[in-house]
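Below is one structure, written out as structure tokens; the observations come after it.
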Amino acid sequence: MVVNCEQVWPEISNYLEGEVNPDLRAAMEAHFHECKRCTAVLDGARNVIHLYGDDRALQLPAGFTAGWRRRLTEYMPNPRGTALGWLLAVAAVALVSGSFALAHLDAKSVSALRSYHAEPGTGVPDEMMVTVSADSKIFHVPGCRFLHKHENESVRLIAASEAIREGYVPCVRCLRQYLNR
Amino acid sequence: MLRRTIAVEKPADTGDERAQSLIARIRNGESSLFAELVKPYERRVYVTALALLRNEADAQDVAQEAILKAFMYLRQFRGESRFSTWLIQITVNEARMRQRKQHAELFEPLAESHDDEEVAYTPRDFADWREIPSEALEKSEFRAILAKALASLGQIYREVFLLRDVEHMSIEETAQALSISVASVKTRLLRARLMLRDILAPAFADGWFGRTPFGKGSKPW
């Protein structure tokens with residue numbers, strides 16, 4: 001088997017990989033022995049492979065390893081994060097239940113006074129029944145003539161505590177004895 | 001005169017067993033071991049990204065992204081291929097996505113089209129090849145010349161050359177990672193090697209080496 005340059009070139013790479021059959025290998029070697037040009041091609045290609053195959057030829061940029069490690073850490077759920085998560089959950093529960101408790105407390109507390117001219121009726125006995133009308137601000141002893149009431153407007157008879165909770169203030173006339181002057 | 005073939009084939013990936021056991025542990029919750037799993041392949045990941053992107057900053061970013069993706073999708077790794085091959089495939093995908101985003105293919109020189117793959121390459125005629133010893137790699141100027149020569153190759157050649165000759169992946173692995181045939185890897189590899197030889201020869205014979213007193217006891221490296 002005899003080969004010429006044009007037949008050798010396409011096989012140089014396979015030759016270097018050890019992937020040509022024994023016949024072709026022998027023919028190529030005989031050709032290299034005769035042909036300076038093909039030998040230069042072979043030596044050059046082999047030199048290229050050796051140079052680039054050396055770890056020194058292409059180096060990792062500085063900071064590359066630190067970079068991907070940082071990205072991984074940022075992505076991974078770390079143990080401290082989990083603890084923080086639990087802490088947040090507990091805090092959230094506390095907040096929600098707290099707000100419920102507050103709302104409950106609020107239901108019992110006195111809402112804003114309907115009249116800021118008046119005094120809160122804190123001295124009025126809770127269970128004392130008083131009269132209120134919807135659009136008025138003051139609660140009265142039933143029958144007090146100072147009760148403000150529009151025509152057809154119903155008057156409610158409620159406990160003083162309830163009236164106070166709704167923001168009514170005691171009548172300075174009929175409830176005078178209970179005011180904290 | 002050198003007549004031996006060179007042992008470019010690396011021994012079988014002995015790290016794969018190690019990888020398998022690490023993967024099992026990571027899946028069982030030891031996430032922090034992932035860094036240990038990836039560390040031996042980080043260079044390969046970076047070089048692959050660089051092969052496709054040329055730009056060092058992009059390659060770095062894509063390689064880091066690929067490592068993160070490998071962690072995110074580790075549950076999907078079926079063990080049908082080596083972990084390293086799977087990791088490289090993720091890197092190739094990431095890099096190709098980045099290329100598409102940047103429309104990099106519009107800027108590829110015409111000579112890099114797939115058509116010229118079929119045309120036989122005629123190596124340039126140099127009277128002799130003056131061996132460049134590995135010691136030259138200690139010089140950053142020399143490494144810069146190698147990088148520049150590599151960057152001047154068309155992408156299809158650069159990528160096979162980097163995976164096969166720089167990262168020592170087998171021809172089969174290279175084909176698998178790039179989703180091309182073994183025959184294509186061989187054809188492109190031949191051309192890449194010959195083109196690099198042709199690019200480097202004049203630079204060293206007349207240029208870089210020529211400017212330096214050469215021989216007679218003084219070496220340029």
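Every chain in the structure tokens has a letter given in the order shown (A, B, ...), and although residue numbers restart at 1 in each chain, ligands are simply numbered from 1 in the order shown.
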
Chain A residues within 7 Å of chain B, counting only C-alpha atoms: which ones, as JSON, numbers by chain? {"A": [13, 15, 16, 17, 18, 37, 40, 41, 43, 44, 45, 47, 48, 49, 51, 52, 53, 56, 57, 60, 64, 67, 68, 69, 71, 72]}

Extract the full set of alpha helix (DSSP H) residues from region 17-70 of chain A according to DSSP on the backbone, and format it as a PyMOL selection string. chain A and resi 17+22-34+36-53+64-70
